[in-house]
Amino acid sequence: MSKKRTEKRIITLESFFENILVCNDKDQRPYIENFYYEAENITQERLGTLFGILEISDDSEDSSYIVNYLISVIRKEYFSKPKRGAIESLEAALHKANLALSKLAENGSVAWLGNLNAIIAVIEKNNLHLSQAGHNCALLFRNKTLTDISEGLAGEETEPHPLKTFVNVTSGRLENEDKLIITSEVLFDVFSFEEIKKSAIRFSDEEFIQFIRTALSNEVPRAAVLLINMKEKEEIIEVQSTPEISQINAFSQAAFSRQSSVPKVETSPPEEILENPKQHNGHLYIKESEVVPAAPKSSFEFFSSFQEKIKTFRPEIKPETLSKKTNYSRPKFRTISLSLLIFFKKIISAAWNGIKISLFFIWKLFQIGYYKAKYFYEKYQREKISTETIAEIQEELEPQKNIFRKIIPDFSRLKTLASRFSFRQKIIVAIIIILTATVPYYLNKFWSNYEAKKELSRIQSIVPPPPPPLATDKNVKRLENLTPIFEIQNLTKVINLSNSFFAITNDQVFDLETKEGFTIPTELEKIDLAVPMEDLKIILLINTVNRKVFAFSPIAKKFQANNLPLPIDADITVGETYLTYLYLVDKNANQIYRFPRAEGGFGEKVAWKKDETNLENPTSMAINESLFLSNGQAIQKFFRGKKVDFSIEKTATEIKPQKIWTQRDNENLYVLDNTNSRIIKLDKDGLIISQYYHSEITNALDFSVSESKNQIIFNTENSVQTFNLN
């Protein structure tokens with residue numbers, strides 16, 4: 001008897017295609033086509049669904065059969081060998097298409113050269129593989145974010161070549177509720193990129209399809225769109241358990257019968273790191289391992305105020321270690337001290353007033369005696385008075401002499417008294433005399449300062465204090481405390497890689513969770529640029545002088561040299577990554593280069609900027625759906641290689657964007673304005689959401705954000721500090 005069968009549930013994705021084809025002129029019908037082909041038999045099922053759009057912008061008769069011819073060649077080659085994998089079959093089909101186009105060119109059919117626009121793609125299981133030629137594009141709508149996943153696949157040849165029509169293949173992992181929009185370029189003549197995204201958010205799948213169909217039918221003469229919605233499909237597979245082994249008679253017929261084996265269930269291979277598209281160049285693509293890093297431990301708190309430090313420190317002191325002498329009240333002691341000071345001040349003031357009166361009286365007596373003596377002397381000289389007159393004068397002055405004797409001490413008696421003192425007594429008397437002469441002066445000075453401070457305090461209570469910085473600005477949050485998390489000299493940058501933070505110096509990379517440092521290889525010499533690449537979980541370290549590039553893997557904790565074909569005369573100032581592309585600004589060429597990921601590093605550059613916009617010495621770059629550059633005064637925004645309008649909301653204090661930060665699937669843009677000690681959070685339209693102010697941000701050199709951790713970190717020259725967004 002076998003056991004009861006069990007059920008195994010396998011979650012897969014099912015694709016739902018919707019075909020929109022507009023061609024108002026029947027004569028134009030051969031020049032545009034969209035298609036999708038599914039497997040015709042069970043052997044082809046592993047190859048999935050082949051689909052795409054082809055369009056010839058040349059309307060000559062020689063080009064009228066190109067579209068259907070290419071579709072036929074691609075379809076036939078793709079499904080010809082079911083044992084091949086999907087990506088190998090797609091590459092073979094595209095190579096066959098290139099050969100077919102080359103033969104057409106050899107036979108004189110060249111009107112289509114430079115006029116072919118195509119997207120050829122495959123969905124197998126939950127994977128997407130696609131290639132691009134010309135200006136058709138593939139958009140991915142996921143989690144309310146719209147991304148052009150075909151950007152840059154076609155390459156930009158100055159002279160089109162048939163064998164280079166389909167050059168690259170990109171691959172990615174699809175998720176539930178993803179929406180693919182395969183479209184000809186004319187769609188952007190009707191809608192902007194932002195309008196497509198808003199419509200995909202607002203409408204249901206059916207309403208969005210009808211919305212696109214109606215708009216294209218009414219607005220353009222010719223267009224092709226394929227809409228693919230990905231939905232979860234749960235498959236239930238019955239798996240029979242191993243039968244129970246019963247006793248077998250070796251001489252019965254059953255002993256020689258063939259046992260049926262348990263059916264094997266085909267399991268899908270391990271998922272590759274394909275959450276986002278990655279670039280294939282040629283037939284090989286080296287993927288780097290992915291390990292989800294653990295969330296960093298919470299940072300220790302820092303109290304900048306002395307009183308808060310005392311509060312946190314007191315509970316740790318044991319009561320028995322305190323002396324009884326220390327248990328006094330500081331406010332009470334201060335009150336007693338102040339009372340004694342006032343008392344002594346009054347005594348000294350009274351004594352001083354008495355001294356002033358005595359001195360005034362002595363001065364008046366001196367004046368009287370002086371003028372009397374002067375008078376009688378002059379009279380004696382003039383009249384030569386007799387001795388009797390002098391005797392009379394002495395009698396007149398005798399009462400005044402008695403007064404002087406009473407007031408002025410007898411110094412001879414003082415001298416006699418001092419001679420009787422011992423040496424110790426003389427020292428004590430000298431000290432008393434010195435204190436009597438100096439203490440009143442210093443006490444009076446101290447009291448004057450006290451009165452001045454009291455008066456200043458009174459004035460300050462009347463006059464309002466000056467307003468704090470950014471007092472009239474919008475949505476300002478004043479940070480009370482910052483949390484220091486790392487200290488070292490010569491810090492240049494902080495990086496957020498998969499919600500783990502790293503600090504960069506001239507020659508080291510530090511993991512801020514473990515505080516572990518990694519010294520760069522000697523070949524690199526120093527780090528001029530450091531940018532994270534989320535899709536590969538690496539940090540790219542670039543020396544722009546010797547043109548060396550190394551990839552640092554925090555998972556493997558190793559550095560690996562990468563190829564980067566920079567122009568010899570390039571002056572690279574800033575850089576950033578998007579998916580597996582590296583974007584660098586060349587100041588000399590006034591150009592933004594994009595380098596695709598390739599075996600051993602990066603492939604040949606593509607001039608990504610397609611207009612004559614002056615890049616104006618950028619100091620920072622950030623990329624989400626668009627590319628942003630800041631130069632300390634303003635922010636430039638680019639979409640699909642062309643500058644678009646963007647401005648920051650006006651506020652009372654002008655924003656000076658020194659550094660900026662955003663990332664894929666993030667609609668917010670963060671700006672470091674260290675001139676005004678703040679970090680600003682903007683929405684996609686440049687409107688201010690929040691402003692975070694702290695005086696220490698004045699010293700910030702760079703910053704990074706983790707919205708999932710509700711955290712912003714920034715670095716000065718010798719420290720890394722953090723604060724919460726809320």
# chains A, B, ... in the order shown; residues from 1 in each chain; ligands from 1
$ residues_around --residues "Leu139 in chain A" --least-positions-apart "2" --cutoff "7 Å" --atoms "only C-alpha atoms" --output "PyMOL selection string"
chain A and resi 137+141+146-149+180-182
$ write_last_selection --atoms "C-alpha atoms" --output "tab-separated table (two decimals), in the first residue's frame"
chain	number	residue	atom	x	y	z
A	137	CYS	CA	12.05	51.15	-25.88
A	141	PHE	CA	6.44	49.68	-14.11
A	146	LEU	CA	8.60	53.56	-14.13
A	147	THR	CA	12.04	52.65	-15.52
A	148	ASP	CA	13.39	52.54	-19.07
A	149	ILE	CA	15.15	49.16	-18.93
A	180	LEU	CA	5.97	45.84	-19.20
A	181	ILE	CA	5.35	48.47	-21.87
A	182	ILE	CA	7.07	47.69	-25.18
$ residues_around --residues "Ile119 in chain A" --least-positions-apart "5" --cutoff "9 Å" --atoms "only C-alpha atoms" --output "number ranges by chain"
A: 51-54, 130-138, 150, 182-184
$ residues_around --residues "Leu566 in chain A" --least-positions-apart "4" --cutoff "10 Å" --atoms "only C-alpha atoms" --output "PDB file with C-alpha atoms, in the first residue's frame"
ATOM      1  CA  THR A 544      41.007  59.497 -12.136  1.00  0.00           C
ATOM      2  CA  ARG A 547      42.805  55.638 -14.593  1.00  0.00           C
ATOM      3  CA  LYS A 548      42.753  52.608 -12.306  1.00  0.00           C
ATOM      4  CA  ALA A 570      39.307  63.023 -19.931  1.00  0.00           C
ATOM      5  CA  ASP A 571      38.958  65.100 -16.751  1.00  0.00           C
ATOM      6  CA  ILE A 572      36.517  63.089 -14.640  1.00  0.00           C
ATOM      7  CA  LEU A 584      30.974  59.695 -15.399  1.00  0.00           C
ATOM      8  CA  ASP A 586      34.094  64.531 -18.393  1.00  0.00           C
ATOM      9  CA  TYR A 593      29.784  59.030 -20.480  1.00  0.00           C
ATOM     10  CA  PHE A 595      29.906  52.555 -19.498  1.00  0.00           C
ATOM     11  CA  GLU A 604      33.317  51.025 -24.363  1.00  0.00           C
ATOM     12  CA  LYS A 605      31.795  54.377 -23.409  1.00  0.00           C
TER      13      LYS A 605
END
$ select_by_dssp --residues "range 94-159 of chain A" --states "strand (DSSP E)" --output "number ranges by chain"
A: 116-124, 127-133, 137-142, 145-148
$ write_last_selection --atoms "N, CA and C atoms" --output "short mmCIF file (atom, residue, chain, number, x, y, z; two decimals), in the first residue's frame"
data_model
loop_
_atom_site.label_atom_id
_atom_site.label_comp_id
_atom_site.auth_asym_id
_atom_site.auth_seq_id
_atom_site.Cartn_x
_atom_site.Cartn_y
_atom_site.Cartn_z
N LEU A 116 15.84 51.30 -38.74
CA LEU A 116 15.20 50.15 -38.11
C LEU A 116 15.11 50.39 -36.60
N ASN A 117 13.89 50.31 -36.07
CA ASN A 117 13.65 50.44 -34.63
C ASN A 117 12.98 49.16 -34.15
N ALA A 118 13.57 48.53 -33.13
CA ALA A 118 13.04 47.23 -32.72
C ALA A 118 13.32 46.96 -31.24
N ILE A 119 12.41 46.20 -30.64
CA ILE A 119 12.62 45.56 -29.34
C ILE A 119 12.27 44.09 -29.52
N ILE A 120 13.22 43.23 -29.26
CA ILE A 120 13.00 41.78 -29.31
C ILE A 120 13.22 41.24 -27.90
N ALA A 121 12.23 40.50 -27.37
CA ALA A 121 12.31 40.08 -25.97
C ALA A 121 11.75 38.68 -25.78
N VAL A 122 12.10 38.11 -24.63
CA VAL A 122 11.66 36.76 -24.26
C VAL A 122 11.29 36.76 -22.78
N ILE A 123 10.18 36.13 -22.45
CA ILE A 123 9.84 35.84 -21.06
C ILE A 123 9.83 34.34 -20.88
N GLU A 124 10.73 33.82 -20.06
CA GLU A 124 10.75 32.39 -19.75
C GLU A 124 10.77 32.25 -18.23
N ASN A 127 11.83 35.14 -15.82
CA ASN A 127 12.97 35.93 -16.31
C ASN A 127 12.61 36.66 -17.60
N LEU A 128 13.22 37.84 -17.75
CA LEU A 128 13.04 38.63 -18.97
C LEU A 128 14.40 38.84 -19.62
N HIS A 129 14.49 38.61 -20.94
CA HIS A 129 15.69 38.90 -21.72
C HIS A 129 15.25 39.75 -22.91
N LEU A 130 15.97 40.84 -23.19
CA LEU A 130 15.56 41.67 -24.32
C LEU A 130 16.76 42.36 -24.96
N SER A 131 16.54 42.76 -26.22
CA SER A 131 17.55 43.49 -26.99
C SER A 131 16.86 44.62 -27.73
N GLN A 132 17.65 45.63 -28.08
CA GLN A 132 17.09 46.84 -28.68
C GLN A 132 17.89 47.23 -29.92
N ALA A 133 17.17 47.78 -30.89
CA ALA A 133 17.80 48.42 -32.05
C ALA A 133 17.04 49.70 -32.32
N CYS A 137 11.58 51.33 -27.26
CA CYS A 137 12.05 51.15 -25.88
C CYS A 137 11.13 50.23 -25.11
N ALA A 138 11.67 49.72 -23.98
CA ALA A 138 10.93 48.84 -23.07
C ALA A 138 10.89 49.51 -21.70
N LEU A 139 9.69 49.71 -21.17
CA LEU A 139 9.50 50.34 -19.87
C LEU A 139 9.00 49.31 -18.87
N LEU A 140 9.51 49.38 -17.66
CA LEU A 140 9.08 48.48 -16.58
C LEU A 140 8.43 49.32 -15.49
N PHE A 141 7.16 49.01 -15.19
CA PHE A 141 6.44 49.68 -14.11
C PHE A 141 6.37 48.73 -12.92
N ARG A 142 7.03 49.13 -11.82
CA ARG A 142 7.09 48.28 -10.62
C ARG A 142 7.04 49.17 -9.38
N THR A 145 6.87 52.87 -9.76
CA THR A 145 8.05 53.50 -10.37
C THR A 145 8.19 52.99 -11.79
N LEU A 146 8.45 53.91 -12.72
CA LEU A 146 8.60 53.56 -14.13
C LEU A 146 10.06 53.71 -14.52
N THR A 147 10.63 52.66 -15.15
CA THR A 147 12.04 52.65 -15.52
C THR A 147 12.19 52.23 -16.97
N ASP A 148 13.06 52.93 -17.70
CA ASP A 148 13.39 52.54 -19.07
C ASP A 148 14.51 51.50 -19.01
#
$ residues_around --residues "range 485-495 of chain A" --least-positions-apart "5" --cutoff "9 Å" --atoms "only C-alpha atoms" --output "PyMOL selection string"
chain A and resi 299-300+500-506+512-513+515+529-532+539+701-705+713-722
$ residues_around --residues "Pro618 in chain A" --least-positions-apart "2" --cutoff "8 Å" --atoms "only C-alpha atoms" --output "ChimeraX atom specification"
/A:573-574,615-616,620-621,629-632
$ write_last_selection --atoms "C-alpha atoms" --output "short mmCIF file (atom, residue, chain, number, x, y, z; two decimals), in the first residue's frame"
data_model
loop_
_atom_site.label_atom_id
_atom_site.label_comp_id
_atom_site.auth_asym_id
_atom_site.auth_seq_id
_atom_site.Cartn_x
_atom_site.Cartn_y
_atom_site.Cartn_z
CA THR A 573 34.83 65.11 -11.87
CA VAL A 574 31.79 63.16 -10.57
CA LEU A 615 27.52 71.05 -17.31
CA GLU A 616 28.88 73.98 -15.23
CA SER A 620 27.71 65.79 -7.24
CA MET A 621 25.55 63.36 -9.26
CA LEU A 629 23.84 67.24 -11.32
CA SER A 630 24.58 69.91 -8.70
CA ASN A 631 27.30 72.56 -8.77
CA GLY A 632 26.86 74.37 -5.45
#
$ select_by_dssp --residues "range 400-620 of chain A" --states "helix (DSSP H, G or I)" --output "ChimeraX atom specification"
/A:400-407,411-419,423-462,534-536
$ closest_residue --among "A:Thr436, A:Asn115, A:Ser199, A:Asn481" --to "Ala351 in chain A" --atoms "only C-alpha atoms"
A:Thr436
$ closest_residue --among "A:Thr698, A:Asn710, A:Gln663, A:Ser102" --to "Ser626 in chain A" --atoms "only C-alpha atoms"
A:Gln663
$ atom_distance --atom1 "CA of Val476 in chain A" --atom2 "CA of Ile655 in chain A"
12.9 Å
$ closest_residue --among "A:Ile623, A:Ala561, A:Ala652, A:Leu725" --to "Thr577 in chain A" --atoms "only C-alpha atoms"
A:Ile623
